[in-house]
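**Student:** Let me begin by handing over the structure; questions about it come next.
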Amino acid sequence: MAQNWLCKRGELDLVMLDGDTVVFVEVRYRQHTQWGGALGSIDGRKRQKLILAAQSFLQRESRWSNHPCRFDVVAIDGSPGAEAHLNWLRNAFDS
């Protein structure tokens, strides 16, 4: 539905549909994993920014506001030219 969607609250890398569910996808790449890797780079502050950006998206695109939503993370770790490790985490913000 959208890619690199910007608002003053932040950016959404991808906004997609999975059936009738609106999926906000954060894509993270890290060449080295010594500081937690791509998945570890999403802290509480980043999650909050994504949630605020998603709320802005749903306010502007009101036709999707009554649909179920979820947050996914696509985490990619690896050096350029080498085989990368891709991890797609569905419902990434559920505890």
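Following the order of the structure tokens, first chain is A, next is B, and so on, with residues numbered from 1 inside each chain and ligands from 1 in the order they appear.
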Output as a ChimeraX atom specification all residues of region 2-85 of chain A that backbone DSSP marks as strand (DSSP E).
**Tutor:** /A:2-7,10-18,21-30,69-77,85
**Student:** Give me the residues near region 12-26 of chain A as a ChimeraX atom specification, where near means some atom within 6 Å (using only C-alpha atoms) and where sequence neighbours in that chain fewer than 5 positions away do not count.
**Tutor:** /A:1-5,67-73
**Student:** Create the file for the chosen residues now, containing C-alpha atoms and written as a PDB file, in the first residue's frame.
**Tutor:**
ATOM      1  CA  MET A   1       0.000   0.000   0.000  1.00  0.00           C
ATOM      2  CA  ALA A   2       2.904   2.363   0.747  1.00  0.00           C
ATOM      3  CA  GLN A   3       6.669   2.456   1.058  1.00  0.00           C
ATOM      4  CA  ASN A   4       8.840   4.997   2.837  1.00  0.00           C
ATOM      5  CA  TRP A   5       5.702   6.782   4.064  1.00  0.00           C
ATOM      6  CA  HIS A  67      -9.046  -2.958   9.975  1.00  0.00           C
ATOM      7  CA  PRO A  68      -6.906  -5.084  12.276  1.00  0.00           C
ATOM      8  CA  CYS A  69      -3.256  -3.995  12.354  1.00  0.00           C
ATOM      9  CA  ARG A  70       0.077  -5.521  13.275  1.00  0.00           C
ATOM     10  CA  PHE A  71       3.760  -4.608  13.301  1.00  0.00           C
ATOM     11  CA  ASP A  72       6.306  -6.857  11.593  1.00  0.00           C
ATOM     12  CA  VAL A  73      10.077  -6.482  11.477  1.00  0.00           C
TER      13      VAL A  73
END
**Student:** So the first atom is CA of Arg63 (chain A) and the second is CA of Leu50 (chain A); what is the distance between them in Å, to one decimal place?
**Tutor:** 19.7 Å
**Student:** Please indicate the distance in Å from CA of Arg90 (chain A) to CA of Leu6 (chain A), rounded to one decimal place.
**Tutor:**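 These two atoms are separated by 22.3 Å.
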**Student:** Which of chain A counts as alpha helix (DSSP H) under DSSP, as a ChimeraX atom specification please?
**Tutor:** /A:37-40,44-60
